[in-house]
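Printed here is structure24.csv (CSV, C-alpha atoms):
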```csv
chain,number,residue,atom,x,y,z
A,1,MET,CA,-131.5,58.3,78.2
A,2,SER,CA,-128.8,55.9,79.5
A,3,ASP,CA,-125.5,57.4,80.8
A,4,ALA,CA,-123.6,54.2,79.9
A,5,PRO,CA,-120.7,54.8,77.5
A,6,VAL,CA,-121.2,54.0,73.8
A,7,THR,CA,-119.6,50.7,72.9
A,8,LEU,CA,-117.8,49.7,69.8
A,9,SER,CA,-120.5,47.1,69.1
A,10,GLN,CA,-123.1,50.0,69.0
A,11,VAL,CA,-120.9,51.9,66.6
A,12,ALA,CA,-120.6,48.8,64.3
A,13,ARG,CA,-124.3,48.1,64.4
A,14,GLU,CA,-125.3,51.8,63.7
A,15,ALA,CA,-122.7,51.9,60.8
A,16,GLY,CA,-123.9,48.6,59.3
A,17,VAL,CA,-120.5,46.9,59.5
A,18,SER,CA,-119.0,44.0,61.4
A,19,LEU,CA,-117.4,44.5,64.8
A,20,ALA,CA,-114.0,43.6,63.3
A,21,THR,CA,-114.4,46.2,60.5
A,22,ALA,CA,-115.3,48.9,63.0
A,23,SER,CA,-112.3,48.0,65.2
A,24,ARG,CA,-109.9,48.2,62.3
A,25,ALA,CA,-111.4,51.5,61.1
A,26,ILE,CA,-111.1,53.2,64.5
A,27,ASN,CA,-108.2,51.4,66.2
A,28,GLY,CA,-106.1,50.7,63.1
A,29,SER,CA,-104.5,47.3,62.4
A,30,ALA,CA,-101.0,46.0,62.1
A,31,THR,CA,-102.0,43.6,59.3
A,32,ARG,CA,-105.3,44.6,57.6
A,33,SER,CA,-106.8,47.8,56.2
A,34,VAL,CA,-110.3,49.0,55.7
A,35,ARG,CA,-111.8,50.3,52.5
A,36,ALA,CA,-111.9,54.2,52.5
A,37,ASP,CA,-115.7,54.5,52.3
A,38,LEU,CA,-116.3,52.1,55.1
A,39,ARG,CA,-113.7,53.7,57.3
A,40,GLU,CA,-115.3,57.1,56.8
A,41,ARG,CA,-118.7,55.7,57.6
A,42,VAL,CA,-117.5,54.2,60.8
A,43,LEU,CA,-115.6,57.3,61.9
A,44,GLU,CA,-118.6,59.5,61.2
A,45,THR,CA,-120.9,57.2,63.2
A,46,ALA,CA,-118.4,57.2,66.1
A,47,ARG,CA,-118.3,61.0,66.1
A,48,ARG,CA,-122.1,61.2,66.0
A,49,LEU,CA,-122.5,58.8,68.9
A,50,ALA,CA,-119.6,60.4,70.9
A,51,TYR,CA,-117.7,57.1,71.0
A,52,SER,CA,-114.3,57.2,72.9
A,53,PRO,CA,-111.8,54.5,71.7
A,54,ASP,CA,-110.2,52.3,74.3
A,55,PRO,CA,-106.4,53.0,74.3
A,56,SER,CA,-105.6,49.4,75.2
A,57,ALA,CA,-107.7,48.2,72.3
A,58,GLN,CA,-105.9,50.5,70.0
A,59,ALA,CA,-102.5,49.3,71.2
A,60,MET,CA,-103.6,45.7,70.7
A,61,ALA,CA,-104.9,46.4,67.2
A,62,ARG,CA,-101.9,48.4,66.0
A,63,GLY,CA,-99.2,46.3,67.8
A,64,ARG,CA,-97.8,49.5,69.4
A,65,THR,CA,-98.9,52.0,72.0
A,66,SER,CA,-99.0,55.7,71.6
A,67,ALA,CA,-95.9,56.2,73.8
A,68,LEU,CA,-92.6,57.5,72.6
A,69,GLY,CA,-89.8,56.7,75.1
A,70,LEU,CA,-87.0,59.3,75.6
A,71,VAL,CA,-83.9,58.5,77.5
A,72,VAL,CA,-81.5,61.3,78.7
A,73,HIS,CA,-78.5,61.3,81.0
A,74,ASP,CA,-79.6,64.1,83.3
A,75,ILE,CA,-82.9,65.9,83.1
A,76,ALA,CA,-81.7,68.7,85.4
A,77,ASP,CA,-79.1,69.6,82.7
A,78,PRO,CA,-80.6,72.4,80.5
A,79,TYR,CA,-79.1,70.6,77.4
A,80,PHE,CA,-81.3,67.6,78.0
A,81,SER,CA,-84.4,69.5,79.2
A,82,THR,CA,-84.3,71.5,75.9
A,83,ILE,CA,-84.1,68.2,73.9
A,84,ALA,CA,-87.0,66.8,76.0
A,85,ALA,CA,-89.2,69.8,75.3
A,86,GLY,CA,-88.4,69.6,71.6
A,87,VAL,CA,-89.2,65.9,71.4
A,88,ALA,CA,-92.4,66.4,73.4
A,89,ARG,CA,-93.6,69.1,70.9
A,90,ALA,CA,-92.8,66.9,67.9
A,91,ALA,CA,-94.5,63.9,69.5
A,92,GLU,CA,-97.6,65.8,70.4
A,93,ARG,CA,-98.1,66.7,66.7
A,94,GLU,CA,-98.0,62.9,66.0
A,95,GLY,CA,-100.6,62.1,68.7
A,96,LEU,CA,-98.0,60.5,70.9
A,97,ILE,CA,-97.1,60.8,74.6
A,98,VAL,CA,-93.5,61.0,75.7
A,99,THR,CA,-92.3,58.9,78.6
A,100,LEU,CA,-89.1,60.2,80.0
A,101,SER,CA,-86.2,58.5,81.8
A,102,SER,CA,-83.1,60.1,83.3
A,103,THR,CA,-80.3,57.6,83.6
A,104,GLU,CA,-77.8,59.6,85.7
A,105,HIS,CA,-75.1,58.2,83.3
A,106,SER,CA,-75.9,54.6,84.4
A,107,PRO,CA,-75.6,52.1,81.5
A,108,GLU,CA,-77.7,49.7,83.5
A,109,ARG,CA,-80.6,52.2,83.9
A,110,GLU,CA,-80.4,53.0,80.2
A,111,LEU,CA,-80.6,49.4,79.2
A,112,ALA,CA,-83.4,48.8,81.7
A,113,PHE,CA,-85.5,51.6,80.2
A,114,VAL,CA,-85.0,50.3,76.7
A,115,GLU,CA,-86.2,46.8,77.8
A,116,LEU,CA,-89.2,48.4,79.5
A,117,ALA,CA,-90.1,50.3,76.4
A,118,ARG,CA,-89.9,47.0,74.4
A,119,ARG,CA,-92.1,45.2,76.8
A,120,GLN,CA,-94.7,48.0,76.9
A,121,ARG,CA,-94.7,48.1,73.0
A,122,SER,CA,-93.8,51.8,72.8
A,123,ARG,CA,-94.1,53.3,69.4
A,124,ALA,CA,-90.5,54.5,69.3
A,125,ILE,CA,-87.6,55.2,71.5
A,126,ILE,CA,-85.0,58.0,71.4
A,127,LEU,CA,-81.7,58.0,73.3
A,128,ALA,CA,-80.1,61.4,73.9
A,129,GLY,CA,-76.7,61.8,75.3
A,130,SER,CA,-73.1,60.8,74.9
A,131,ARG,CA,-72.0,57.2,74.3
A,132,GLY,CA,-68.9,55.9,76.1
A,133,VAL,CA,-65.4,56.1,74.7
A,134,PRO,CA,-64.4,52.8,73.0
A,135,PRO,CA,-62.6,50.8,75.7
A,136,GLU,CA,-59.4,50.7,73.7
A,137,ALA,CA,-59.4,54.5,73.5
A,138,LEU,CA,-59.7,55.1,77.2
A,139,PRO,CA,-56.8,57.1,78.7
A,140,GLY,CA,-54.6,55.3,81.1
A,141,LYS,CA,-54.3,51.6,81.8
A,142,HIS,CA,-57.4,49.5,82.5
A,143,SER,CA,-57.8,45.9,83.5
A,144,ALA,CA,-59.2,43.3,81.1
A,145,GLU,CA,-62.2,43.0,83.4
A,146,VAL,CA,-63.0,46.7,82.9
A,147,VAL,CA,-62.6,46.6,79.2
A,148,ASP,CA,-64.8,43.5,78.9
A,149,ARG,CA,-67.5,45.0,81.0
A,150,LEU,CA,-67.6,48.2,78.9
A,151,ARG,CA,-67.8,46.1,75.7
A,152,ARG,CA,-70.6,44.0,77.2
A,153,GLU,CA,-72.6,47.1,78.1
A,154,ALA,CA,-72.3,48.6,74.7
A,155,GLY,CA,-73.2,45.3,73.0
A,156,ALA,CA,-76.2,44.7,75.3
A,157,LEU,CA,-77.6,48.2,74.5
A,158,GLU,CA,-77.2,47.7,70.7
A,159,GLN,CA,-78.8,44.3,70.9
A,160,ALA,CA,-81.8,45.6,72.9
A,161,LEU,CA,-82.4,48.5,70.5
A,162,THR,CA,-82.0,46.2,67.4
A,163,THR,CA,-84.5,43.8,68.9
A,164,PHE,CA,-86.9,46.6,69.6
A,165,GLN,CA,-86.5,47.9,66.0
A,166,ARG,CA,-87.0,44.4,64.4
A,167,ALA,CA,-90.2,44.0,66.4
A,168,GLY,CA,-91.6,47.1,64.7
A,169,GLY,CA,-90.5,49.9,67.1
A,170,GLY,CA,-88.7,53.1,65.9
A,171,VAL,CA,-85.2,54.0,67.1
A,172,ALA,CA,-83.1,57.1,67.0
A,173,THR,CA,-80.1,58.4,69.0
A,174,ILE,CA,-78.9,61.9,69.5
A,175,GLY,CA,-75.1,62.6,69.7
A,176,GLN,CA,-73.4,59.4,68.6
A,177,ALA,CA,-74.6,56.3,66.9
A,178,VAL,CA,-75.2,53.0,68.5
A,179,GLY,CA,-74.0,50.4,66.0
A,180,GLY,CA,-75.7,51.1,62.6
A,181,LEU,CA,-79.0,52.4,64.1
A,182,PRO,CA,-80.4,55.8,63.0
A,183,VAL,CA,-78.7,58.8,64.6
A,184,VAL,CA,-78.7,62.6,64.6
A,185,GLU,CA,-75.0,63.0,65.0
A,186,ILE,CA,-73.3,66.1,66.5
A,187,ASP,CA,-69.9,67.0,65.2
A,188,ASN,CA,-68.4,67.8,68.6
A,189,ALA,CA,-64.8,67.7,67.5
A,190,GLY,CA,-65.4,69.9,64.5
A,191,GLY,CA,-67.4,72.5,66.6
A,192,ALA,CA,-64.6,72.6,69.2
A,193,GLY,CA,-62.0,73.0,66.5
A,194,ASP,CA,-64.0,76.0,65.1
A,195,LEU,CA,-64.1,77.5,68.5
A,196,ALA,CA,-60.3,77.1,68.9
A,197,ARG,CA,-59.7,78.9,65.6
A,198,ALA,CA,-62.1,81.7,66.5
A,199,LEU,CA,-60.4,82.3,69.9
A,200,HIS,CA,-57.0,82.2,68.2
A,201,ARG,CA,-58.1,84.7,65.6
A,202,ILE,CA,-59.1,87.3,68.2
A,203,GLY,CA,-55.6,87.1,69.8
A,204,TYR,CA,-55.6,84.3,72.5
A,205,ARG,CA,-52.4,82.2,72.6
A,206,ARG,CA,-52.4,80.5,76.0
A,207,PHE,CA,-55.3,78.1,76.6
A,208,GLY,CA,-56.6,75.8,79.3
A,209,VAL,CA,-59.2,73.1,79.0
A,210,LEU,CA,-61.7,71.7,81.5
A,211,ALA,CA,-62.0,68.4,79.8
A,212,GLY,CA,-64.9,66.5,81.4
A,213,PRO,CA,-64.8,62.9,82.4
A,214,PRO,CA,-62.4,60.6,80.5
A,215,GLY,CA,-64.9,57.9,79.5
A,216,LEU,CA,-67.5,60.2,77.9
A,217,ARG,CA,-67.4,60.3,74.1
A,218,THR,CA,-68.8,63.9,73.8
A,219,ALA,CA,-66.3,65.3,76.3
A,220,ALA,CA,-63.4,63.4,74.6
A,221,ASP,CA,-64.3,64.5,71.1
A,222,ARG,CA,-64.7,68.2,72.1
A,223,THR,CA,-61.4,68.1,74.0
A,224,SER,CA,-59.5,66.4,71.2
A,225,GLY,CA,-61.0,68.7,68.5
A,226,PHE,CA,-60.0,71.8,70.5
A,227,LEU,CA,-56.5,70.5,71.4
A,228,SER,CA,-55.6,69.2,67.9
A,229,THR,CA,-56.7,72.4,66.2
A,230,LEU,CA,-54.6,74.5,68.6
A,231,ALA,CA,-51.6,72.3,68.0
A,232,GLU,CA,-52.1,72.9,64.2
A,233,LEU,CA,-52.1,76.6,64.9
A,234,GLY,CA,-48.8,76.4,66.8
A,235,CYS,CA,-50.4,76.8,70.3
A,236,PRO,CA,-50.2,73.4,71.9
A,237,VAL,CA,-51.8,73.2,75.3
A,238,PRO,CA,-49.6,71.8,78.1
A,239,ASP,CA,-50.9,68.7,79.8
A,240,ARG,CA,-50.9,70.5,83.1
A,241,ASP,CA,-53.5,72.9,81.7
A,242,VAL,CA,-56.0,70.2,80.8
A,243,VAL,CA,-58.0,69.4,83.9
A,244,ARG,CA,-60.7,66.7,84.0
A,245,GLY,CA,-64.0,67.0,86.0
A,246,SER,CA,-67.6,65.9,86.0
A,247,PHE,CA,-69.9,67.0,83.2
A,248,THR,CA,-71.8,69.3,85.6
A,249,ARG,CA,-71.7,72.8,87.1
A,250,ASP,CA,-69.9,71.5,90.2
A,251,GLY,CA,-67.5,69.6,88.0
A,252,GLY,CA,-66.6,72.8,86.2
A,253,HIS,CA,-66.2,74.7,89.5
A,254,GLU,CA,-63.9,72.0,90.9
A,255,ALA,CA,-61.8,71.7,87.7
A,256,MET,CA,-61.3,75.5,87.4
A,257,THR,CA,-60.5,75.8,91.1
A,258,ALA,CA,-57.8,73.1,90.6
A,259,LEU,CA,-56.4,75.0,87.5
A,260,LEU,CA,-56.3,78.3,89.3
A,261,GLY,CA,-54.7,76.6,92.4
A,262,ARG,CA,-52.0,75.2,90.2
A,263,THR,CA,-51.3,78.6,88.8
A,264,ALA,CA,-51.2,80.3,92.2
A,265,SER,CA,-49.2,77.7,94.1
A,266,THR,CA,-46.6,76.5,91.6
A,267,GLU,CA,-43.7,78.9,91.4
A,268,ALA,CA,-42.2,77.0,88.5
A,269,VAL,CA,-45.2,78.0,86.4
A,270,ALA,CA,-44.4,81.5,85.1
A,271,ALA,CA,-47.2,84.1,84.8
A,272,GLU,CA,-46.5,84.3,81.0
A,273,SER,CA,-47.5,80.6,80.7
A,274,THR,CA,-50.8,80.7,82.6
A,275,PRO,CA,-53.9,80.3,80.5
A,276,GLU,CA,-55.5,83.5,79.1
A,277,VAL,CA,-58.7,81.7,78.2
A,278,VAL,CA,-60.2,78.4,79.5
A,279,PHE,CA,-62.5,76.2,77.4
A,280,ALA,CA,-65.0,74.1,79.3
A,281,VAL,CA,-66.4,71.3,77.2
A,282,ASN,CA,-70.0,72.1,78.0
A,283,ASP,CA,-71.8,75.2,79.2
A,284,VAL,CA,-72.8,74.0,82.6
A,285,MET,CA,-69.2,73.3,83.4
A,286,ALA,CA,-68.4,76.8,82.0
A,287,VAL,CA,-70.9,78.4,84.4
A,288,GLY,CA,-69.3,76.6,87.3
A,289,ALA,CA,-65.9,77.7,86.1
A,290,MET,CA,-67.0,81.3,86.0
A,291,ALA,CA,-68.2,81.0,89.6
A,292,ALA,CA,-64.9,79.5,90.6
A,293,VAL,CA,-63.0,82.5,89.1
A,294,ARG,CA,-65.2,84.9,91.1
A,295,ASP,CA,-64.7,82.8,94.3
A,296,ALA,CA,-61.0,83.1,93.8
A,297,GLY,CA,-61.3,86.9,93.9
A,298,LEU,CA,-60.7,87.2,90.2
A,299,SER,CA,-62.9,88.3,87.3
A,300,VAL,CA,-64.1,87.1,83.9
A,301,PRO,CA,-62.8,88.1,81.4
A,302,HIS,CA,-60.2,90.5,82.8
A,303,ASP,CA,-58.2,87.9,84.7
A,304,VAL,CA,-59.2,84.8,82.7
A,305,ALA,CA,-61.6,84.4,79.8
A,306,VAL,CA,-64.0,81.5,79.6
A,307,ALA,CA,-65.8,79.7,76.8
A,308,GLY,CA,-68.2,76.8,76.7
A,309,PHE,CA,-70.1,74.5,74.3
A,310,ASP,CA,-73.9,74.0,73.6
A,311,ASP,CA,-75.5,77.5,74.0
A,312,ILE,CA,-78.1,76.3,76.6
A,313,HIS,CA,-81.0,78.6,77.1
A,314,THR,CA,-80.1,79.6,80.6
A,315,LEU,CA,-77.0,81.4,79.3
A,316,ARG,CA,-79.2,84.5,78.8
A,317,ASP,CA,-78.9,85.1,82.6
A,318,VAL,CA,-75.1,84.6,82.7
A,319,SER,CA,-72.9,87.7,83.0
A,320,PRO,CA,-70.7,88.3,81.2
A,321,GLY,CA,-72.3,86.6,78.2
A,322,LEU,CA,-70.6,83.3,77.6
A,323,THR,CA,-68.8,82.5,74.4
A,324,THR,CA,-69.9,79.1,73.2
A,325,VAL,CA,-70.7,76.8,70.3
A,326,ARG,CA,-74.4,76.9,69.5
A,327,ILE,CA,-76.0,73.5,68.9
A,328,PRO,CA,-79.6,73.8,67.4
A,329,LEU,CA,-81.2,71.5,69.9
A,330,ASP,CA,-84.8,72.3,68.8
A,331,GLU,CA,-84.0,71.2,65.2
A,332,ILE,CA,-82.1,68.2,66.4
A,333,SER,CA,-85.0,67.1,68.6
A,334,GLU,CA,-87.4,67.4,65.6
A,335,ALA,CA,-85.1,65.5,63.3
A,336,ALA,CA,-84.6,62.7,65.9
A,337,THR,CA,-88.3,62.3,66.4
A,338,ALA,CA,-88.9,62.2,62.6
A,339,LEU,CA,-86.2,59.6,62.3
A,340,ALA,CA,-87.5,57.4,65.1
A,341,LEU,CA,-91.1,57.5,63.6
A,342,GLY,CA,-89.9,56.7,60.1
A,343,ARG,CA,-90.7,60.2,58.7
A,344,LYS,CA,-87.2,60.5,57.3
A,345,ASP,CA,-85.7,57.9,55.0
A,346,GLU,CA,-82.1,59.0,55.4
A,347,THR,CA,-79.9,59.9,58.4
A,348,PRO,CA,-79.2,63.6,58.4
A,349,ALA,CA,-75.7,65.0,58.0
A,350,PRO,CA,-73.8,65.5,61.3
A,351,VAL,CA,-74.6,68.9,63.0
A,352,ARG,CA,-71.5,71.1,63.3
A,353,GLY,CA,-72.7,73.9,65.4
A,354,GLU,CA,-72.0,77.7,65.2
A,355,VAL,CA,-69.4,79.6,67.2
A,356,VAL,CA,-71.0,82.5,69.2
A,357,LEU,CA,-68.4,85.0,70.5
A,358,ARG,CA,-69.6,87.0,73.6
A,359,ASP,CA,-68.2,89.2,76.3
A,360,SER,CA,-66.6,86.4,78.3
A,361,THR,CA,-63.8,86.3,75.5
A,362,PRO,CA,-63.3,89.9,74.4
A,363,GLY,CA,-59.9,89.0,72.8
A,364,THR,CA,-56.4,90.3,73.5
A,365,ALA,CA,-53.7,92.0,71.6
A,366,GLY,CA,-51.4,89.0,72.4
```
I'd like the structure from this file rewritten - as structure tokens, please.
Amino acid sequence: MSDAPVTLSQVAREAGVSLATASRAINGSATRSVRADLRERVLETARRLAYSPDPSAQAMARGRTSALGLVVHDIADPYFSTIAAGVARAAEREGLIVTLSSTEHSPERELAFVELARRQRSRAIILAGSRGVPPEALPGKHSAEVVDRLRREAGALEQALTTFQRAGGGVATIGQAVGGLPVVEIDNAGGAGDLARALHRIGYRRFGVLAGPPGLRTAADRTSGFLSTLAELGCPVPDRDVVRGSFTRDGGHEAMTALLGRTASTEAVAAESTPEVVFAVNDVMAVGAMAAVRDAGLSVPHDVAVAGFDDIHTLRDVSPGLTTVRIPLDEISEAATALALGRKDETPAPVRGEVVLRDSTPGTAG
């Protein structure tokens, strides 16, 4: 008996159909379908002969490969690794393979991956991560060249995704929308506002904020939601107690160190005005902030309480347990995959998140 692999021609001949019909039955077709009884006959023959389809032939027939592209900002961040795991599980159930790209917050890398996915005819693409703040909303003064560059980058990404979608690919974003494309939106401002109210309710009145980078939409929304809610509650946060830093563990450590240094070195800042609790706009920054408190010879929460945002899975190993806003990343990943693959007809409502109070913010009598 020959060890040569079974060919599609052999399957067609054994099933008594044309080669074209056998190809459409096994590989699918972007334009034509096969009668149900013929399709079943071909598939049964293929199983009996142990025929293995050629992935390249399937992609040519269907007009799309079995790849789903996922673009994240930083795969080392537990937030994005959790999203990647959720998308991979959902894609596997659909018979798809996830190709992953980490942009390191580079718009050029993000756009390049979208273009690559288009050229390779990926089935769908999902972008996870914050969009940039609109140029006109950036804090401080910026040159016309910077504003124009940011607008061009945003426009180029939207155009690339729209072109990919019009060619038959699926698109979804996680976090904020890109133009009018499908999105699983996270209500970052609302979640941060809920956290501010919860901390105020348990007695805190003096707050600090580790605000993240100025051009990142997620960081800006969480900061503004937290600050505006506190202002409504009669506890406005002084500008001096809002410190910016990278959206990373080291960024949180540096920002908290700067905040503690201001408190320690500025005689004009009275002890009664120093923050009782500090909100870091994501959990990895909060973990870095807690380390900075310890490095300064202080403790959480006795000297300063700390809260974060996201409820990443690595928090189970953090002591004391970190107060945060829980974002259901598994459910978000599932929803984004379904949206990108056309399994959902409507964009889901924005995800608000849930405040989780833990030992890092035990409260105060005020």
| remark: Correct to one decimal, the distance atom CA of Ser130 of chain A-atom CA of Ser246 of chain A is 13.4 Å
| note | atom CA of Ser333 of chain A to atom CA of Gly353 of chain A measures 14.4 Å
| task | Between atom CA of Pro350 of chain A and atom CA of Asp187 of chain A, measure the distance and give it in Å to one decimal. | result | 5.7 Å
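Nearest to Arg48 of chain A of all the residues A:Ala15, A:Gly252, A:Ser81, A:Thr324 is A:Ala15, based on all atoms listed in the file.
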Against segment 215-236 of chain A, which residues of segment 251-328 of chain A fall within 10 Å? For each one I want the closest pair of atoms and the distance in Å (one decimal), counting all atoms listed in the file, rows by chain and increasing residue number, as JSON lines.
```
{"residue": "A:Phe279", "atom": "CA", "partner": "A:Phe226", "partner_atom": "CA", "distance": 8.6}
{"residue": "A:Ala280", "atom": "CA", "partner": "A:Thr223", "partner_atom": "CA", "distance": 8.8}
{"residue": "A:Val281", "atom": "CA", "partner": "A:Ala219", "partner_atom": "CA", "distance": 6.1}
{"residue": "A:Asn282", "atom": "CA", "partner": "A:Ala219", "partner_atom": "CA", "distance": 7.9}
{"residue": "A:Phe309", "atom": "CA", "partner": "A:Arg222", "partner_atom": "CA", "distance": 8.6}
```
| said: Using all atoms listed in the file, can you tell me which of A:Arg206, A:His105, A:Arg166, A:His302 comes closest to Ala124 of chain A? | reply: A:Arg166
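Minimum atom-to-atom distance to Ile332 of chain A, evaluated using only C-alpha atoms, belongs to A:Ile83 out of A:Leu68, A:Leu199, A:Leu315, A:Ile83.
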| request: Find the residues around Gly342 of chain A up to 10 Å (all atoms listed in the file counted), leave out those fewer than 6 positions away in its own chain, and share them as a VMD selection string. | output: chain A and resid 124 169 to 172 182 336
| said: Show me, as a ChimeraX atom specification, the residues that have an atom within 12 Å of Ala84 of chain A when counting all atoms listed in the file, minus same-chain residues fewer than 6 positions from it. | reply: /A:68-78,90-91,97-102,126-129,174,329-330,332-334,336-337
Write out N, CA and C atoms for segment 104-116 of chain A, as a PDB file, in the coordinates of the input.
```pdb
ATOM      1  N   GLU A 104     -78.928  59.197  84.771  1.00  0.00           N
ATOM      2  CA  GLU A 104     -77.800  59.600  85.700  1.00  0.00           C
ATOM      3  C   GLU A 104     -76.524  58.940  85.242  1.00  0.00           C
ATOM      4  N   HIS A 105     -76.354  58.804  83.932  1.00  0.00           N
ATOM      5  CA  HIS A 105     -75.100  58.200  83.300  1.00  0.00           C
ATOM      6  C   HIS A 105     -74.910  56.779  83.689  1.00  0.00           C
ATOM      7  N   SER A 106     -75.974  56.066  84.021  1.00  0.00           N
ATOM      8  CA  SER A 106     -75.900  54.600  84.400  1.00  0.00           C
ATOM      9  C   SER A 106     -76.227  53.793  83.155  1.00  0.00           C
ATOM     10  N   PRO A 107     -75.280  53.014  82.603  1.00  0.00           N
ATOM     11  CA  PRO A 107     -75.600  52.100  81.500  1.00  0.00           C
ATOM     12  C   PRO A 107     -76.693  51.104  81.856  1.00  0.00           C
ATOM     13  N   GLU A 108     -76.706  50.667  83.113  1.00  0.00           N
ATOM     14  CA  GLU A 108     -77.700  49.700  83.500  1.00  0.00           C
ATOM     15  C   GLU A 108     -79.112  50.302  83.493  1.00  0.00           C
ATOM     16  N   ARG A 109     -79.264  51.546  83.932  1.00  0.00           N
ATOM     17  CA  ARG A 109     -80.600  52.200  83.900  1.00  0.00           C
ATOM     18  C   ARG A 109     -81.006  52.448  82.448  1.00  0.00           C
ATOM     19  N   GLU A 110     -80.056  52.812  81.597  1.00  0.00           N
ATOM     20  CA  GLU A 110     -80.400  53.000  80.200  1.00  0.00           C
ATOM     21  C   GLU A 110     -80.903  51.765  79.545  1.00  0.00           C
ATOM     22  N   LEU A 111     -80.209  50.673  79.759  1.00  0.00           N
ATOM     23  CA  LEU A 111     -80.600  49.400  79.200  1.00  0.00           C
ATOM     24  C   LEU A 111     -81.977  48.963  79.760  1.00  0.00           C
ATOM     25  N   ALA A 112     -82.190  49.166  81.050  1.00  0.00           N
ATOM     26  CA  ALA A 112     -83.400  48.800  81.700  1.00  0.00           C
ATOM     27  C   ALA A 112     -84.622  49.521  81.077  1.00  0.00           C
ATOM     28  N   PHE A 113     -84.434  50.798  80.767  1.00  0.00           N
ATOM     29  CA  PHE A 113     -85.500  51.600  80.200  1.00  0.00           C
ATOM     30  C   PHE A 113     -85.833  51.106  78.764  1.00  0.00           C
ATOM     31  N   VAL A 114     -84.801  50.779  78.009  1.00  0.00           N
ATOM     32  CA  VAL A 114     -85.000  50.300  76.700  1.00  0.00           C
ATOM     33  C   VAL A 114     -85.819  48.961  76.720  1.00  0.00           C
ATOM     34  N   GLU A 115     -85.463  48.096  77.641  1.00  0.00           N
ATOM     35  CA  GLU A 115     -86.200  46.800  77.800  1.00  0.00           C
ATOM     36  C   GLU A 115     -87.625  47.075  78.223  1.00  0.00           C
ATOM     37  N   LEU A 116     -87.847  48.050  79.098  1.00  0.00           N
ATOM     38  CA  LEU A 116     -89.200  48.400  79.500  1.00  0.00           C
ATOM     39  C   LEU A 116     -90.036  48.902  78.355  1.00  0.00           C
TER      40      LEU A 116
END
```
